[in-house]
file target_17.txt (compact mmCIF, C-alpha atoms)
# COMPACT_ATOMS: atom_id res chain seq x y z
CA MET A 93 103.76 59.10 128.96
CA ILE A 94 106.20 56.26 129.45
CA ARG A 95 109.18 57.18 131.63
CA GLY A 96 112.45 57.18 129.73
CA TYR A 97 110.85 56.56 126.34
CA SER A 98 111.91 58.86 123.49
CA TYR A 99 108.77 59.89 121.65
CA PRO A 100 109.71 60.16 117.97
CA SER A 101 106.76 62.23 116.80
CA LEU A 102 104.62 64.76 118.64
CA THR A 103 102.04 65.56 115.96
CA PRO A 104 99.75 63.38 113.84
CA GLY A 105 100.52 62.73 110.21
CA PRO A 106 103.75 61.87 108.42
CA ARG A 107 106.80 62.11 110.64
CA PRO A 108 109.65 64.40 109.56
CA PRO A 109 112.94 62.60 108.96
CA ILE A 110 115.30 62.08 111.87
CA MET A 111 118.19 64.55 111.82
CA LEU A 112 120.03 63.46 114.97
CA GLU A 113 119.87 60.00 116.52
CA VAL A 114 121.41 59.35 119.92
CA SER A 115 121.49 55.64 120.67
CA ASP A 116 122.32 54.14 124.10
CA ILE A 117 124.96 56.76 124.90
CA ARG A 118 126.99 56.20 128.06
CA PHE A 119 129.65 58.46 129.55
CA SER A 120 131.56 58.65 132.84
CA TYR A 121 133.96 60.97 134.60
CA ALA A 122 134.83 59.62 138.05
CA GLY A 123 131.46 57.85 137.95
CA PRO A 124 128.59 57.41 135.48
CA VAL A 125 127.19 60.67 134.10
CA LEU A 126 125.00 59.44 131.23
CA ARG A 127 123.37 56.04 131.59
CA GLY A 128 122.27 54.76 128.19
CA LEU A 129 120.43 57.76 126.73
CA THR A 130 118.43 57.26 123.56
CA LEU A 131 116.57 60.01 121.73
CA ALA A 132 115.88 61.43 118.28
CA VAL A 133 115.70 64.99 117.00
CA ARG A 134 113.71 65.41 113.79
CA ASP A 135 113.85 68.01 111.05
CA GLY A 136 112.12 71.21 112.15
CA GLU A 137 112.26 70.39 115.86
CA LEU A 138 113.29 72.64 118.73
CA LEU A 139 114.17 70.32 121.61
CA ALA A 140 114.58 71.85 125.07
CA LEU A 141 116.81 69.94 127.51
CA LEU A 142 115.65 70.59 131.06
CA GLY A 143 116.86 69.32 134.40
CA PRO A 144 118.70 70.32 137.58
CA ASN A 145 122.42 71.02 137.76
CA GLY A 146 124.38 67.81 137.42
CA ALA A 147 121.68 66.05 135.38
CA GLY A 148 124.06 65.52 132.46
CA LYS A 149 122.61 68.09 130.02
CA SER A 150 125.87 69.87 129.19
CA THR A 151 127.72 66.56 128.95
CA LEU A 152 125.17 65.32 126.43
CA VAL A 153 125.60 68.53 124.42
CA LYS A 154 129.40 68.17 124.42
CA LEU A 155 129.04 64.63 123.12
CA ILE A 156 126.75 65.77 120.33
CA VAL A 157 129.12 68.53 119.19
CA GLY A 158 132.20 66.31 119.47
CA ILE A 159 134.00 67.89 122.42
CA LEU A 160 133.66 64.59 124.31
CA ARG A 161 133.48 61.01 123.04
CA PRO A 162 131.04 58.49 124.51
CA ALA A 163 132.20 55.36 126.29
CA SER A 164 129.64 53.47 124.23
CA GLY A 165 126.66 54.09 121.97
CA LYS A 166 126.19 55.90 118.67
CA LEU A 167 125.58 59.45 117.50
CA LEU A 168 124.21 59.74 113.96
CA LEU A 169 123.55 62.98 112.08
CA ASP A 170 121.49 62.49 108.93
CA GLY A 171 122.34 58.79 109.29
CA ARG A 172 126.10 59.41 109.38
CA ASP A 173 128.38 58.57 112.30
CA LEU A 174 129.41 61.84 113.95
CA GLN A 175 132.48 60.22 115.52
CA ALA A 176 133.80 59.34 112.06
CA MET A 177 133.56 62.92 110.76
CA SER A 178 136.40 65.43 110.74
CA ARG A 179 136.00 68.52 112.93
CA ARG A 180 135.55 70.69 109.84
CA GLU A 181 132.90 68.43 108.37
CA ALA A 182 131.00 68.33 111.67
CA ALA A 183 131.30 72.12 111.96
CA ARG A 184 129.51 72.49 108.63
CA LEU A 185 126.55 70.64 110.06
CA ILE A 186 126.44 71.67 113.73
CA GLY A 187 126.53 75.20 115.11
CA TYR A 188 127.38 75.37 118.82
CA VAL A 189 126.97 78.11 121.43
CA ALA A 190 128.65 77.16 124.71
CA GLN A 191 127.75 78.47 128.16
CA GLU A 192 130.98 80.46 128.19
CA SER A 193 133.60 81.21 125.57
CA VAL A 194 137.14 82.41 126.30
CA VAL A 195 138.59 84.59 123.55
CA MET A 196 142.38 84.44 123.89
CA PHE A 197 143.28 87.01 121.23
CA PRO A 198 142.03 90.55 120.62
CA LEU A 199 139.35 90.00 117.99
CA THR A 200 136.57 92.32 116.97
CA ALA A 201 133.03 90.97 116.99
CA MET A 202 133.10 90.80 113.18
CA GLU A 203 136.40 88.87 113.19
CA TYR A 204 135.03 86.50 115.82
CA VAL A 205 131.90 85.82 113.74
CA LEU A 206 134.05 85.23 110.66
CA GLN A 207 135.88 82.50 112.57
CA GLY A 208 132.67 80.52 112.16
CA ARG A 209 133.46 80.28 108.45
CA PHE A 210 136.20 77.80 109.41
CA ALA A 211 133.75 75.15 108.27
CA GLN A 212 134.08 76.55 104.74
CA GLY A 213 137.89 76.45 104.88
CA ARG A 214 138.37 80.19 105.35
CA LEU A 215 140.94 81.93 107.57
CA ILE A 216 140.82 85.38 109.15
CA GLY A 217 142.35 87.84 106.71
CA PHE A 218 141.41 85.72 103.68
CA GLU A 219 137.64 86.21 103.76
CA SER A 220 135.69 86.04 100.53
CA ASP A 221 132.88 88.42 99.64
CA GLU A 222 130.48 85.58 100.48
CA ASP A 223 132.02 85.21 103.93
CA LEU A 224 131.54 88.90 104.62
CA ARG A 225 127.96 88.82 103.32
CA GLU A 226 127.13 85.88 105.59
CA ALA A 227 128.76 87.55 108.60
CA ARG A 228 126.79 90.75 108.03
CA ARG A 229 123.58 88.75 107.53
CA VAL A 230 123.83 86.87 110.83
CA MET A 231 125.00 89.95 112.73
CA GLU A 232 121.90 91.76 111.51
CA LEU A 233 119.74 88.81 112.56
CA THR A 234 121.29 88.77 116.06
CA GLU A 235 121.31 92.58 116.41
CA THR A 236 125.10 92.72 116.80
CA THR A 237 125.95 94.94 113.81
CA ASP A 238 126.31 98.05 115.98
CA PHE A 239 129.33 96.63 117.78
CA ALA A 240 130.91 94.73 114.87
CA GLY A 241 134.12 96.74 115.29
CA ARG A 242 134.41 96.40 119.07
CA LEU A 243 136.71 93.88 120.72
CA VAL A 244 134.87 90.82 122.01
CA GLN A 245 136.62 91.17 125.38
CA GLU A 246 135.03 94.62 125.78
CA LEU A 247 131.46 93.41 125.23
CA SER A 248 128.99 92.78 128.02
CA GLY A 249 128.00 89.20 128.79
CA GLY A 250 124.73 89.59 126.89
CA GLU A 251 126.38 91.21 123.87
CA ARG A 252 129.01 88.48 123.75
CA GLN A 253 126.31 85.80 123.92
CA ARG A 254 124.60 87.26 120.86
CA VAL A 255 127.91 87.42 118.97
CA MET A 256 128.47 83.74 119.83
CA LEU A 257 125.06 82.95 118.33
CA ALA A 258 125.99 84.85 115.17
CA ARG A 259 129.24 82.87 114.95
CA ALA A 260 127.31 79.61 115.26
CA LEU A 261 124.89 80.62 112.48
CA VAL A 262 127.39 81.98 109.95
CA ALA A 263 128.19 78.55 108.46
CA ARG A 264 124.45 77.83 107.94
CA PRO A 265 124.43 74.65 110.07
CA ARG A 266 121.79 71.93 109.87
CA LEU A 267 121.65 71.58 113.67
CA LEU A 268 122.04 74.41 116.18
CA VAL A 269 123.07 73.40 119.72
CA LEU A 270 122.70 76.06 122.41
CA ASP A 271 123.90 75.56 126.00
CA GLU A 272 122.23 78.19 128.22
CA PRO A 273 121.95 80.70 125.35
CA VAL A 274 119.86 83.25 127.27
CA ALA A 275 121.61 83.08 130.65
CA ASN A 276 123.25 86.53 130.31
CA LEU A 277 120.49 88.25 128.36
CA ASP A 278 117.81 90.65 129.50
CA ILE A 279 114.23 89.46 129.03
CA ALA A 280 113.78 91.32 125.73
CA HIS A 281 116.82 89.63 124.17
CA GLN A 282 115.92 86.27 125.70
CA VAL A 283 112.66 86.40 123.80
CA LYS A 284 114.26 87.78 120.63
CA THR A 285 116.91 85.04 120.66
CA LEU A 286 114.39 82.22 120.88
CA GLU A 287 112.08 83.93 118.40
CA LEU A 288 115.00 84.04 115.96
CA VAL A 289 115.85 80.36 116.49
CA LYS A 290 112.20 79.39 116.07
CA ARG A 291 111.91 81.49 112.89
CA LEU A 292 114.98 79.83 111.37
CA ILE A 293 113.48 76.44 112.21
CA ASP A 294 110.10 77.38 110.71
CA ASP A 295 111.89 78.61 107.56
CA GLY A 296 113.41 75.15 107.17
CA GLU A 297 116.99 76.27 107.79
CA LEU A 298 117.80 74.07 110.78
CA SER A 299 116.72 72.15 113.87
CA ALA A 300 117.85 73.09 117.37
CA ILE A 301 118.66 71.72 120.81
CA VAL A 302 118.51 74.23 123.66
CA VAL A 303 119.71 73.64 127.21
CA THR A 304 118.02 76.10 129.55
CA HIS A 305 116.84 76.68 133.10
CA GLU A 306 114.21 79.13 131.84
CA LEU A 307 111.22 76.83 132.11
CA ASN A 308 108.61 79.28 130.89
CA LEU A 309 110.63 80.19 127.80
CA ALA A 310 111.06 76.49 127.04
CA ALA A 311 107.31 75.98 127.39
CA GLU A 312 106.59 78.82 124.94
CA PHE A 313 109.14 78.07 122.22
CA ALA A 314 110.06 74.37 122.31
CA THR A 315 108.28 71.84 120.12
CA SER A 316 109.51 69.05 122.40
CA VAL A 317 110.99 68.81 125.88
CA LEU A 318 113.34 66.27 127.42
CA LEU A 319 113.56 66.14 131.21
CA MET A 320 116.79 64.72 132.67
CA ARG A 321 117.88 63.75 136.14
CA ALA A 322 121.05 61.93 137.25
CA GLY A 323 122.06 61.06 133.69
CA GLU A 324 118.75 59.52 132.70
CA ILE A 325 115.64 60.60 130.81
CA THR A 326 112.68 61.17 133.09
CA ALA A 327 110.19 62.29 130.43
CA HIS A 328 110.22 63.23 126.75
CA GLY A 329 107.36 64.66 124.74
CA SER A 330 105.54 67.89 123.98
CA PRO A 331 105.71 70.75 126.54
CA ARG A 332 102.16 69.99 127.68
CA GLU A 333 102.96 66.30 128.16
CA VAL A 334 106.23 66.83 129.99
CA MET A 335 105.89 70.10 131.90
CA THR A 336 103.39 68.92 134.47
CA GLU A 337 103.50 69.56 138.21
CA SER A 338 104.29 65.93 138.97
CA HIS A 339 107.17 65.70 136.48
CA LEU A 340 108.71 69.05 137.38
CA ARG A 341 108.40 68.62 141.13
CA GLU A 342 109.96 65.18 140.92
CA VAL A 343 112.92 66.31 138.80
CA PHE A 344 113.66 69.68 140.43
CA ASN A 345 112.60 68.78 143.99
CA ALA A 346 110.93 72.17 144.28
CA PRO A 347 107.36 73.34 144.95
CA LEU A 348 106.17 74.37 141.49
CA ALA A 349 102.66 75.03 140.23
CA VAL A 350 101.69 74.61 136.57
CA ASP A 351 98.73 76.16 134.82
CA ALA A 352 98.04 77.47 131.30
CA ASN A 353 99.51 80.72 130.06
CA PRO A 354 96.41 82.87 129.40
CA ALA A 355 97.95 84.33 126.23
CA SER A 356 99.31 81.19 124.54
CA GLY A 357 97.86 78.19 126.39
CA ALA A 358 101.38 76.81 126.94
CA PRO A 359 102.31 75.50 130.39
CA ARG A 360 103.09 78.30 132.83
CA ILE A 361 105.36 77.45 135.74
CA THR A 362 105.16 79.34 139.04
CA ILE A 363 107.34 78.97 142.13
CA VAL A 364 105.28 78.27 145.25
CA LYS A 365 106.59 79.23 148.68
CA ARG A 366 106.91 76.13 150.83
CA ASP A 367 104.81 77.68 153.60
CA ALA A 368 102.08 78.81 151.16

call {"tool": "encode", "arguments": {"input": "target_17.txt", "output": "structure tokens"}}
result
Amino acid sequence: MIRGYSYPSLTPGPRPPIMLEVSDIRFSYAGPVLRGLTLAVRDGELLALLGPNGAGKSTLVKLIVGILRPASGKLLLDGRDLQAMSRREAARLIGYVAQESVVMFPLTAMEYVLQGRFAQGRLIGFESDEDLREARRVMELTETTDFAGRLVQELSGGERQRVMLARALVARPRLLVLDEPVANLDIAHQVKTLELVKRLIDDGELSAIVVTHELNLAAEFATSVLLMRAGEITAHGSPREVMTESHLREVFNAPLAVDANPASGAPRITIVKRDA
């Protein structure tokens, strides 16, 4: 494992095509936040972004989805410059679930999901039969059908998070970008959410980038892991390559032990008391 090197393929054999290419991206607020990041996400990949608070993970995500613009560097999706695309065109290709979403108007969960059809040029109140079919499909996938008629503002944090995922999926994006998608979910829905994302990837529908602090979930579901600290890549590779005691202790500055999950063989991360 070479520090800072973006491993383009984690399995032997022909490499899947690159879907997203991030090349020497730099970004600053009052000071540097991202310091020349380079990485690639390939078709059929679930990339987990891990790192402590302030590492630059959410900033990187906002650059990928177009909320922020880099000071320098390139972002290419299927070989096309993301910065040159219109918002609608980018929305057809990238589904985004933010950490938090403020809903300013009283919308039902179904109406909120239908907003995701903006990428197809639709407006609320002018939905086609196809729009409604797609909304019902993704609400069934995300187990949100039962509260389709409830106002989003009245939903619990976990229910709202699942509706946000449905909204991101309704346009059938090529790339799904999730920033802390399981933060407000109980353990059952955490697992179900990542199982759904992994199933969509395995079915060839999309690739995904997931920002999470749930290390064990990342180890179980991610095909690749990128560790970040202070705006730089510390390690990038498969979960077994990256999620080692030395890497995790260095990045998180915490006493962590890593062994193999007895059920799956994936890395299992355990907090160790400092006086243990």

call {"tool": "closest_residue", "arguments": {"input": "target_17.txt", "among": "A:Ser248, A:Ser164, A:Ser330, A:Gln191", "to": "Val114 (chain A)", "atoms": "all atoms listed in the file"}}
result
A:Ser164

call {"tool": "atom_distance", "arguments": {"input": "target_17.txt", "atom1": "CA of Pro109 (chain A)", "atom2": "CA of Met335 (chain A)"}}
result
25.1 Å

call {"tool": "residues_around", "arguments": {"input": "target_17.txt", "residues": "Val153 (chain A)", "least_positions_apart": "5", "cutoff": "10 Å", "atoms": "all atoms listed in the file", "output": "number ranges by chain"}}
result
A: 141, 148, 158-160, 188, 190, 269-271, 301-303

call {"tool": "closest_residue", "arguments": {"input": "target_17.txt", "among": "A:Thr151, A:Thr304, A:Ser115, A:Gln253", "to": "Glu272 (chain A)", "atoms": "all atoms listed in the file"}}
result
A:Thr304

call {"tool": "residues_near_point", "arguments": {"input": "target_17.txt", "point": "(124.1, 62.9, 130.2)", "cutoff": "6 Å", "atoms": "only C-alpha atoms", "output": "VMD selection string"}}
result
chain A and resid 125 to 126 148 to 149 151 to 152 323

call {"tool": "residues_around", "arguments": {"input": "target_17.txt", "residues": "Gly171 (chain A)", "least_positions_apart": "3", "cutoff": "8 Å", "atoms": "only C-alpha atoms", "output": "list in words"}}
result
Met111, Leu112, Glu113 and Leu168 of chain A

call {"tool": "residues_around", "arguments": {"input": "target_17.txt", "residues": "region 257-265 of chain A", "least_positions_apart": "2", "cutoff": "7 Å", "atoms": "all atoms listed in the file", "output": "list in words"}}
result
Arg184, Leu185, Ile186, Gly187, Tyr188, Val189, Tyr204, Val205, Leu206, Gly208, Arg209, Ala211, Glu226, Ala227, Val230, Met231, Thr234, Gln253, Arg254, Val255, Leu267, Leu268 and Leu298 of chain A

call {"tool": "closest_residue", "arguments": {"input": "target_17.txt", "among": "A:Asp173, A:Asp238, A:Glu324, A:Asp294", "to": "Met202 (chain A)", "atoms": "only C-alpha atoms"}}
result
A:Asp238

call {"tool": "closest_residue", "arguments": {"input": "target_17.txt", "among": "A:Leu233, A:Ala183, A:Leu169, A:Leu247", "to": "Ala201 (chain A)", "atoms": "all atoms listed in the file"}}
result
A:Leu247

call {"tool": "residues_around", "arguments": {"input": "target_17.txt", "residues": "Ala314 (chain A)", "least_positions_apart": "5", "cutoff": "8 Å", "atoms": "only C-alpha atoms", "output": "tab-separated table (two decimals) with C-alpha atoms, in the coordinates of the input"}}
result
chain	number	residue	atom	x	y	z
A	137	GLU	CA	112.26	70.39	115.86
A	138	LEU	CA	113.29	72.64	118.73
A	139	LEU	CA	114.17	70.32	121.61
A	140	ALA	CA	114.58	71.85	125.07
A	331	PRO	CA	105.71	70.75	126.54

call {"tool": "atom_distance", "arguments": {"input": "target_17.txt", "atom1": "CA of Val289 (chain A)", "atom2": "CA of Leu309 (chain A)"}}
result
12.5 Å

call {"tool": "atom_distance", "arguments": {"input": "target_17.txt", "atom1": "CA of Arg180 (chain A)", "atom2": "CA of Gly250 (chain A)"}}
result
27.7 Å

call {"tool": "axis_aligned_box", "arguments": {"input": "target_17.txt", "around": "region 269-283 of chain A", "padding_each_side": "3 Å", "output": "JSON"}}
result
{"center_x": 118.3, "center_y": 82.4, "center_z": 125.2, "size_x": 17.2, "size_y": 23.9, "size_z": 16.9}

call {"tool": "build_atoms", "arguments": {"input": "target_17.txt", "residues": "region 117-128 of chain A", "atoms": "all heavy atoms", "output": "PDB file, in the frame of the given file"}}
result
ATOM      1  N   ILE A 117     123.714  56.070 124.586  1.00  0.00           N
ATOM      2  CA  ILE A 117     124.960  56.760 124.900  1.00  0.00           C
ATOM      3  C   ILE A 117     125.267  56.647 126.397  1.00  0.00           C
ATOM      4  O   ILE A 117     124.415  56.914 127.243  1.00  0.00           O
ATOM      5  CB  ILE A 117     124.866  58.247 124.496  1.00  0.00           C
ATOM      6  CG1 ILE A 117     124.910  58.375 122.990  1.00  0.00           C
ATOM      7  CG2 ILE A 117     125.972  59.071 125.136  1.00  0.00           C
ATOM      8  CD1 ILE A 117     126.223  57.975 122.363  1.00  0.00           C
ATOM      9  N   ARG A 118     126.508  56.277 126.684  1.00  0.00           N
ATOM     10  CA  ARG A 118     126.990  56.200 128.060  1.00  0.00           C
ATOM     11  C   ARG A 118     128.297  56.984 128.176  1.00  0.00           C
ATOM     12  O   ARG A 118     129.126  56.972 127.269  1.00  0.00           O
ATOM     13  CB  ARG A 118     127.212  54.740 128.483  1.00  0.00           C
ATOM     14  CG  ARG A 118     125.928  53.920 128.444  1.00  0.00           C
ATOM     15  CD  ARG A 118     126.148  52.447 128.771  1.00  0.00           C
ATOM     16  NE  ARG A 118     124.907  51.709 128.562  1.00  0.00           N
ATOM     17  CZ  ARG A 118     123.955  51.569 129.486  1.00  0.00           C
ATOM     18  NH1 ARG A 118     124.149  52.089 130.696  1.00  0.00           N
ATOM     19  NH2 ARG A 118     122.849  50.908 129.223  1.00  0.00           N
ATOM     20  N   PHE A 119     128.439  57.668 129.329  1.00  0.00           N
ATOM     21  CA  PHE A 119     129.650  58.460 129.550  1.00  0.00           C
ATOM     22  C   PHE A 119     129.893  58.567 131.047  1.00  0.00           C
ATOM     23  O   PHE A 119     128.958  58.674 131.836  1.00  0.00           O
ATOM     24  CB  PHE A 119     129.505  59.862 128.944  1.00  0.00           C
ATOM     25  CG  PHE A 119     130.738  60.694 129.058  1.00  0.00           C
ATOM     26  CD1 PHE A 119     131.748  60.588 128.117  1.00  0.00           C
ATOM     27  CD2 PHE A 119     130.897  61.576 130.116  1.00  0.00           C
ATOM     28  CE1 PHE A 119     132.909  61.351 128.230  1.00  0.00           C
ATOM     29  CE2 PHE A 119     132.049  62.344 130.232  1.00  0.00           C
ATOM     30  CZ  PHE A 119     133.053  62.233 129.287  1.00  0.00           C
ATOM     31  N   SER A 120     131.176  58.560 131.425  1.00  0.00           N
ATOM     32  CA  SER A 120     131.560  58.650 132.840  1.00  0.00           C
ATOM     33  C   SER A 120     132.728  59.619 132.998  1.00  0.00           C
ATOM     34  O   SER A 120     133.577  59.748 132.103  1.00  0.00           O
ATOM     35  CB  SER A 120     131.970  57.279 133.393  1.00  0.00           C
ATOM     36  OG  SER A 120     130.914  56.361 133.329  1.00  0.00           O
ATOM     37  N   TYR A 121     132.764  60.279 134.134  1.00  0.00           N
ATOM     38  CA  TYR A 121     133.960  60.970 134.600  1.00  0.00           C
ATOM     39  C   TYR A 121     134.535  60.072 135.703  1.00  0.00           C
ATOM     40  O   TYR A 121     135.024  58.991 135.435  1.00  0.00           O
ATOM     41  CB  TYR A 121     133.629  62.377 135.111  1.00  0.00           C
ATOM     42  CG  TYR A 121     133.245  63.351 134.016  1.00  0.00           C
ATOM     43  CD1 TYR A 121     131.944  63.837 133.923  1.00  0.00           C
ATOM     44  CD2 TYR A 121     134.183  63.786 133.084  1.00  0.00           C
ATOM     45  CE1 TYR A 121     131.586  64.736 132.921  1.00  0.00           C
ATOM     46  CE2 TYR A 121     133.839  64.682 132.078  1.00  0.00           C
ATOM     47  CZ  TYR A 121     132.541  65.155 132.010  1.00  0.00           C
ATOM     48  OH  TYR A 121     132.187  66.033 131.021  1.00  0.00           O
ATOM     49  N   ALA A 122     134.440  60.508 136.960  1.00  0.00           N
ATOM     50  CA  ALA A 122     134.830  59.620 138.050  1.00  0.00           C
ATOM     51  C   ALA A 122     133.794  58.516 138.238  1.00  0.00           C
ATOM     52  O   ALA A 122     134.099  57.412 138.680  1.00  0.00           O
ATOM     53  CB  ALA A 122     135.016  60.411 139.339  1.00  0.00           C
ATOM     54  N   GLY A 123     132.558  58.813 137.896  1.00  0.00           N
ATOM     55  CA  GLY A 123     131.460  57.850 137.950  1.00  0.00           C
ATOM     56  C   GLY A 123     130.538  58.093 136.768  1.00  0.00           C
ATOM     57  O   GLY A 123     130.742  59.012 135.970  1.00  0.00           O
ATOM     58  N   PRO A 124     129.511  57.265 136.615  1.00  0.00           N
ATOM     59  CA  PRO A 124     128.590  57.410 135.480  1.00  0.00           C
ATOM     60  C   PRO A 124     127.915  58.777 135.457  1.00  0.00           C
ATOM     61  O   PRO A 124     127.447  59.262 136.489  1.00  0.00           O
ATOM     62  CB  PRO A 124     127.575  56.289 135.703  1.00  0.00           C
ATOM     63  CG  PRO A 124     128.258  55.317 136.605  1.00  0.00           C
ATOM     64  CD  PRO A 124     129.157  56.124 137.478  1.00  0.00           C
ATOM     65  N   VAL A 125     127.868  59.394 134.282  1.00  0.00           N
ATOM     66  CA  VAL A 125     127.190  60.670 134.100  1.00  0.00           C
ATOM     67  C   VAL A 125     125.958  60.492 133.215  1.00  0.00           C
ATOM     68  O   VAL A 125     124.883  61.007 133.520  1.00  0.00           O
ATOM     69  CB  VAL A 125     128.138  61.723 133.488  1.00  0.00           C
ATOM     70  CG1 VAL A 125     127.407  63.039 133.235  1.00  0.00           C
ATOM     71  CG2 VAL A 125     129.333  61.954 134.399  1.00  0.00           C
ATOM     72  N   LEU A 126     126.117  59.769 132.109  1.00  0.00           N
ATOM     73  CA  LEU A 126     125.000  59.440 131.230  1.00  0.00           C
ATOM     74  C   LEU A 126     124.854  57.925 131.210  1.00  0.00           C
ATOM     75  O   LEU A 126     125.826  57.204 131.012  1.00  0.00           O
ATOM     76  CB  LEU A 126     125.231  59.977 129.827  1.00  0.00           C
ATOM     77  CG  LEU A 126     125.349  61.498 129.700  1.00  0.00           C
ATOM     78  CD1 LEU A 126     125.602  61.902 128.258  1.00  0.00           C
ATOM     79  CD2 LEU A 126     124.102  62.197 130.235  1.00  0.00           C
ATOM     80  N   ARG A 127     123.615  57.464 131.360  1.00  0.00           N
ATOM     81  CA  ARG A 127     123.370  56.040 131.590  1.00  0.00           C
ATOM     82  C   ARG A 127     122.486  55.457 130.486  1.00  0.00           C
ATOM     83  O   ARG A 127     121.337  55.104 130.721  1.00  0.00           O
ATOM     84  CB  ARG A 127     122.714  55.843 132.955  1.00  0.00           C
ATOM     85  CG  ARG A 127     123.466  56.506 134.111  1.00  0.00           C
ATOM     86  CD  ARG A 127     122.603  56.561 135.368  1.00  0.00           C
ATOM     87  NE  ARG A 127     123.233  57.315 136.433  1.00  0.00           N
ATOM     88  CZ  ARG A 127     124.003  56.794 137.379  1.00  0.00           C
ATOM     89  NH1 ARG A 127     124.231  55.488 137.396  1.00  0.00           N
ATOM     90  NH2 ARG A 127     124.524  57.557 138.319  1.00  0.00           N
ATOM     91  N   GLY A 128     123.008  55.401 129.281  1.00  0.00           N
ATOM     92  CA  GLY A 128     122.270  54.760 128.190  1.00  0.00           C
ATOM     93  C   GLY A 128     121.157  55.602 127.624  1.00  0.00           C
ATOM     94  O   GLY A 128     120.032  55.119 127.455  1.00  0.00           O
TER      95      GLY A 128
END
